[in-house]
Structures are given as C-alpha cells and as structure tokens.
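Structure first, commentary second.
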Amino acid sequence: MRIHVNFFLVFALIFSTGESICQGVNPASRDTLKEFEIIRGPSMRTLRPDSATTLQTIAQGAVIKQGTTVFNSDSAVINNTTHEIEAFGHVHINQADSVHTYSDYLKYLGLEKTAYLRRNVKLTDKKGTLYTDDLDYNLNTGIGNYHNGGKVLDRGNTITSREGTYYSDTKDVYFRNDVKVRGPKNNIDADSLIYNMQTEVVAFTGNTHITNQEANITTTQGTYDLKTNNAFFTTRTAVKDSSGRTYIANNIALDDKSGNAQLEGNAIIRDSANGLIVTGNQVFLDKNKNSFLATRKPVMILIDKGDSTFVAADTLYSGIMKRVSAGAKLTSSDSVISTLPGDSNGIRNIPPVVDTTSRFSRMIDSVLHLKRTDVSPPLKDSTVLPFSPGDLLKPAPPTVDSMQAQVNVAETSPDDMADSAFKISPPEMPPADSFAILQEGDSATTGDSTIRYFIAFHNVRIFNDSLQSRSDSLFFSAKDSVFRLFHDPVVWSASNQVTGDTIFLFTKNKKPERMYVFEKGMIVNKTREGFFNQIAGKTINGYFNDGKIDYMRVKGAQSESIYYAMDEDSAYIGMNRASGDVIDMYFQNDDLKKVLFVNDVKGKMYPMHQIPPEERFLKGFIWLDEKRPKSQYELFE
C-alpha cells in the first residue's frame, strides 16, 4: 500500500493537469475530507489517479486533525476514499495533549484509528518515554505494540525488550522476550514483565532475576516497586542477601524501609557462614536487627560434617547481641546479655545471660548465673563397690588437675573445688555501673557483637545421631555452644536417659561435650536385658567422648542409685540400692560399667530373684522412650 500511494504521488507531480495550487485551506475540501480536517497546508494538491480515488497532498508542513487528535508532519497524503493518512518527516501525533507520539514515517487508518509508525519512534505520556523503530498504535483503545525491539526511559530506569505493548489508559507497558531493567538501584532480567509508568511497580511472570546492593533474587512471579524496593513474590522464590544468607519460600514479602520480610510456605533460610539452616511454614525476618522468628513447624539445623543437629519447636527466634557502653539506658524493646567484669572478651565460659526487659527474662533469669565451681572432679576418697568390675576397667578416674584443665575453671583451686563442689549459687554481683552489656542488633561493633543466639518455645525436640532431647523451651548461644533446656527436659544418649528441672548441654564442633543437670537430676540406663540402672541427685555433671557418654557425677543429699551388678562373666548377680553424697559413673560404649560412691555410703544388695517390686525404681522414675525423637524426619512432621 505504501509503494502504491507513493507511485500515484509521483504520477500526479509529473502528469498533473495543472490544477490550482492553493495557499491555505480550500473551503471545499472540508466537505470532501469528511473525518479529517486540514488545519494547515501551505502547499496542497488534489489528485484523482482513478475515478474511485481522491488524494489530497500537503507539503511544507501539514497539520491534520481528527476529533481531539492532531497530526503534524513535513508532508502528508490523505486518501479520501479509504480515509487514510500517509505522513513523512517529523511526524507528531498529539492525542488530546495526553499522549504524544513521534516518528519519521506514519501510515494511519482513519476508520480503525490505528497508526503504524516507523523509524525513530518515540511515545511519551508525561510519565515515561517509549523508544522503538516499529510501533503499531491504536488511538481508539490506547494500545500500542512493537515487535523489533524497544525501550522505556522513566525516572532513571531503562527497560528494554524485543517485543512490547503499551496501554495508555493504565500507563502500563508489557515487555516480552529478553527483558532487561537497568536502574540506579536495581537490575532485572526477565522473560516478561509489566511496568507501570505512574507507580514504577514491576509485575513479572516467567524466569526473573533481580539484583541490587541488598539482595540477589530469583523468582518466576510477583511484583517489585522500583521506587521503594518493596516486593511481593507469589511463586517459589530465592533471595540471597548481602550477608550471604539465602531465603527460599513459596511466597515472600519484602519491606525495604523497615528491613522486614515475611516468608510463607515451605520457607528455608540457609546461613552457610554460620553453618545453619532454618525451615518453617512462616518466617519473619528483620534485616536491620539480623533476627528472625519462625513458626508453623519450624526446624533449625546446625550443620556439621555427617552429624548435623536438628532442633524443632512450635516457635524459633534468633537474634544478634551487641555491646553498648556501661550504664547505657535500655528501652523496652532491648534484649541484652550482661557480662561480668574482669573478662577480657566480655563473655565468661558460661555466660550469665539476662534478658532484663523482655518476656524471655522469666524463662532464663533464675538459671543462668552459675559459677564454673558447680563442676567438680571425682574426689580422691571415692569408694568402689565390692560387686563392681572396676578392676577390669581402664583408665582410672581423672585427676583433679586434669579435670580442672578440661572444664577450664581458672578462678578456682583444686582444694576450693573439693570444698564447694556442685554448689548452685549465683556469683557475687558487682555494682551495676561496672557491667559491660551486649545489646541486640548492632553491626557497628566487632568481636562479641556478632554473637548469634536462639530461643525455642514449646515442644522443643533435638535430634543428633549421638544425642536426642525434648523440653518445653531452649536457649542457645553461638558464643559458648550451650543448649540450655528448660521445664522438664529429657536427654537421651544411646540407652541412657537424663532428666531434671534444667539441663545445660555443652557442645563442641556441634557434638555433645559436657552436660550439667540441676534440681531433681536422674540418669536411667536401660540394659540390653531390660533392667533399669538409676541414679538420682540434686545435680548431675556428665562428659562425652566422641558423642558418647563417658563419665557422670551425681551430687546431692541424698544421691541414690539402683544398679544391676554383674560378675566377671557378665552374668547378673543382683541389684544394689545405695545412697551417698556423691556418685560417680563410668560408661563404655554408652553402657554403664562402674559406679563409685563418695562419703556416707549406705546400701543394700538384693539377689536377682529376691528383689522387692517396690525397690526396683527410685522416686520419680519414668522411662520416656516413647517421646524420644527416632529420626530427624520426625521433626518435620
């Protein structure tokens, strides 16, 4: 059609019948043009290439109007029969002064109100500008399409694609095929997306990759606000933040100003730097405080080579502690660790942790101020029971000096330890103004400011190949790697069960190293034959070797035990029920092999066939193996 019109234009110029050249607008032409009104036409001709066609040519600057739309160009040809316009040079379409379109060439179908613009096309709506070399634009619907590449420039953002569609009513541009967004804050690569020129919000479908200074995001569906960096992703999305952590969930909402994020549906947090994975069906993240709250069947995984630890609870919370100056005032939202003076690194081996202002204080305030003198080695005057095969077991009990080195009791001499062993008493508190404080959320300080802690509430379960546990609540600090278990905790290791009011489980390289139980401590060891060795006291200290129980000490008035003794041929010879001030136990491959009593020893031996039923169990005995996590998979159910 374009070649056809130009042919008749040339034909008319060469073989013109010499019709008059009119300066200005011929009044008679207004009646024949019908839908088009010529506003300006310095040089005009009317041509009739055949009896059915009438052409109006305009040169030296054409201005044509249709309704509220004005067409400007260097020259134009109007086909009065088909109601079409062909315009050349500096084409400008002004649509009610709301949308302006420019190009080098225009073919316009007046009946359909469709413009075909070619070469150096520019469309602007006062919000953004679309550039392309090939645009088909319907002025009636306000919809334009390009098929050979285009870009939009809008407030510092440049968006390019191979194909696109512009919607004037909604100010949306639908980009397709190799979409790239380049802006001052964000870079986006996508299969397709919709960009709104008014709100600067991007909605995308298909494979999408978003990068900025704060995050690296991979998704397939969602919205992203280029102005505020707020986002909402509605398909499986992975976000890797500037610290290296990765967040994955079915739905993710990000609020850049507050630093908050919400993850819904099979959410996963991977923290490779700290060897940590957290899963849950709902997770709330606070980027500014570097904390998270996980609910709806959350599980935390402390990763180790081949022997990871799994922790499940109804709710998991984790945060970072920071150091503030002595005497600093705390607000009601502050969560703090207070540390005793005289410690060069600000935290003792067993840090006294006090959350003085939050709901966590009631849980941990009364149990975390403990001296390392609560841990003592076996006393030298230990008495070996006559029926124990102690002579067959090596090595001998650890010495005072070696045990002191093992538990790092630097402030207490061996004699003092013997006198004050297993005393549970808070340390003498210095004046308040001499305290150093660690407060939640600081990233500006160094050292202890990066200490991460975890709190678990209700129905807490721990699974490790070496050890399993249940409790109502838990506190864990990465500083000392101690699991603090509260409210009727239970710990299992192989055939051994440990219970008490509160249990501290010390780990090293994510394996159990030490255990401390205070108030109503009890150890139950189930033999292969189904008998229950039992030892109970006020406090229990235990040590592990390669993840297995190696040695334990029970202290308290009166510590009691029930022990099924065997002869040298491993045949049971009777049950001994005894008590003493201190009871030491030695294990081999998780089996109880030797029991030693210290001071004020009392007991009675019952032959196997003469054990009274009422003497078989200590007060408070309960075997809780049915509550024991059997595998890590149970924690995800």
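Chain identifiers are assigned as A, B, and so on, following the order in which chains appear in the structure tokens; residues are numbered from 1 within each chain, and ligands are numbered from 1 in order of appearance.
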TODO: Considering only C-alpha atoms, return as a list of chain:residue names whatever protein or nucleic-acid residues lie within 7 Å of region 271-273 of chain A, sequence-local ones (same chain, fewer than 3 positions apart) excluded.
DONE: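 The contact residues come out as A:Arg245, A:Thr246, A:Leu276, A:Ile277.
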Restrict the selected residues to N, CA and C atoms and save them as a PDB file, in the first residue's frame.
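Contents of the output file result_0.pdb:
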ATOM      1  N   ARG A 245      23.308 -14.929  53.278  1.00  0.00           N
ATOM      2  CA  ARG A 245      22.214 -15.823  53.615  1.00  0.00           C
ATOM      3  C   ARG A 245      21.231 -15.931  52.462  1.00  0.00           C
ATOM      4  N   THR A 246      20.603 -17.086  52.332  1.00  0.00           N
ATOM      5  CA  THR A 246      19.619 -17.329  51.279  1.00  0.00           C
ATOM      6  C   THR A 246      18.271 -17.645  51.918  1.00  0.00           C
ATOM      7  N   LEU A 276      24.129 -23.017  59.299  1.00  0.00           N
ATOM      8  CA  LEU A 276      22.784 -23.039  59.849  1.00  0.00           C
ATOM      9  C   LEU A 276      21.750 -23.089  58.730  1.00  0.00           C
ATOM     10  N   ILE A 277      20.709 -23.904  58.937  1.00  0.00           N
ATOM     11  CA  ILE A 277      19.533 -23.920  58.070  1.00  0.00           C
ATOM     12  C   ILE A 277      18.303 -23.867  58.976  1.00  0.00           C
TER      13      ILE A 277
END
TODO: Pick out the residues sitting within 8 Å of Leu254 (chain A), and hand them over as number ranges by chain; count only C-alpha atoms, and ignore anything fewer than 2 positions along from it in its own chain.
DONE: A: 229-232, 252, 256, 259-262
Store the residues picked out above, limited to N, CA, C and O atoms, as a compact mmCIF listing (two decimals), in the first residue's frame.
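So the final result, stored in out31.txt, reads:
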# COMPACT_ATOMS: atom_id res chain seq x y z
N ASN A 229 11.69 -0.34 46.54
CA ASN A 229 12.33 -1.66 46.69
C ASN A 229 11.46 -2.64 47.48
O ASN A 229 11.95 -3.69 47.90
N ASN A 230 10.19 -2.33 47.68
CA ASN A 230 9.28 -3.29 48.29
C ASN A 230 8.87 -4.32 47.23
O ASN A 230 8.75 -3.99 46.05
N ALA A 231 8.66 -5.57 47.67
CA ALA A 231 8.38 -6.63 46.71
C ALA A 231 7.44 -7.65 47.32
O ALA A 231 7.38 -7.82 48.55
N PHE A 232 6.74 -8.35 46.44
CA PHE A 232 5.89 -9.47 46.85
C PHE A 232 5.99 -10.54 45.77
O PHE A 232 5.65 -10.30 44.61
N ILE A 252 6.94 -14.61 49.33
CA ILE A 252 7.84 -13.75 50.08
C ILE A 252 7.40 -12.30 49.91
O ILE A 252 7.16 -11.84 48.79
N ASP A 256 11.51 -2.80 52.25
CA ASP A 256 12.89 -2.33 52.27
C ASP A 256 13.12 -1.29 53.36
O ASP A 256 14.17 -1.29 54.01
N GLY A 259 13.18 -3.04 56.67
CA GLY A 259 14.09 -4.18 56.69
C GLY A 259 13.42 -5.48 57.04
O GLY A 259 14.10 -6.47 57.33
N ASN A 260 12.08 -5.52 57.00
CA ASN A 260 11.35 -6.72 57.36
C ASN A 260 11.00 -7.55 56.13
O ASN A 260 10.82 -7.02 55.03
N ALA A 261 10.90 -8.85 56.33
CA ALA A 261 10.48 -9.77 55.27
C ALA A 261 9.61 -10.84 55.90
O ALA A 261 9.79 -11.21 57.07
N GLN A 262 8.65 -11.32 55.13
CA GLN A 262 7.78 -12.40 55.59
C GLN A 262 7.81 -13.51 54.56
O GLN A 262 7.59 -13.27 53.37
Open item on the list: DSSP on the backbone: which residues in region 527-599 of chain A end up as strand (DSSP E or B)? Give the answer as a PyMOL selection string.
Closed with: chain A and resi 532-545+548-566+572-588+591-598
Task: For Asp172 (chain A), the nearest of the candidates A:Tyr146, A:Phe597, A:Phe71, A:Tyr195, counting only C-alpha atoms - done: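 Of A:Tyr146, A:Phe597, A:Phe71, A:Tyr195, the one nearest Asp172 (chain A), counting only C-alpha atoms, is A:Tyr195.
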Open item on the list: as a ChimeraX atom specification, please: the residues near Gly142 (chain A) (cut-off 12 Å, only C-alpha atoms, same-chain neighbours under 6 positions excluded).
Closed with: /A:95-96,98-101,113-115,123,125,136,165-173
Task: Atom-to-atom span, CA of Leu111 (chain A) and CA of Gly41 (chain A), Å - done: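 Between CA of Leu111 (chain A) and CA of Gly41 (chain A) the gap is 22.2 Å.
The protein and nucleic acid residues lying at most 6 Å from region 604-616 of chain A are Gly574, Met575, Asn576 and Arg577 of chain A, with only C-alpha atoms considered and sequence neighbours fewer than 4 positions away removed.
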Open item on the list: Using only C-alpha atoms, can you tell me which of A:Ile248, A:Ser493, A:Asn177, A:Pro42 comes closest to Asp625 (chain A)?
Closed with: A:Ser493
Task: Who sits within 6 Å of Ser75 (chain A), only C-alpha atoms, same chain under 5 positions skipped, as a VMD selection string - done: chain A and resid 58 to 59 61 to 62 87 to 88
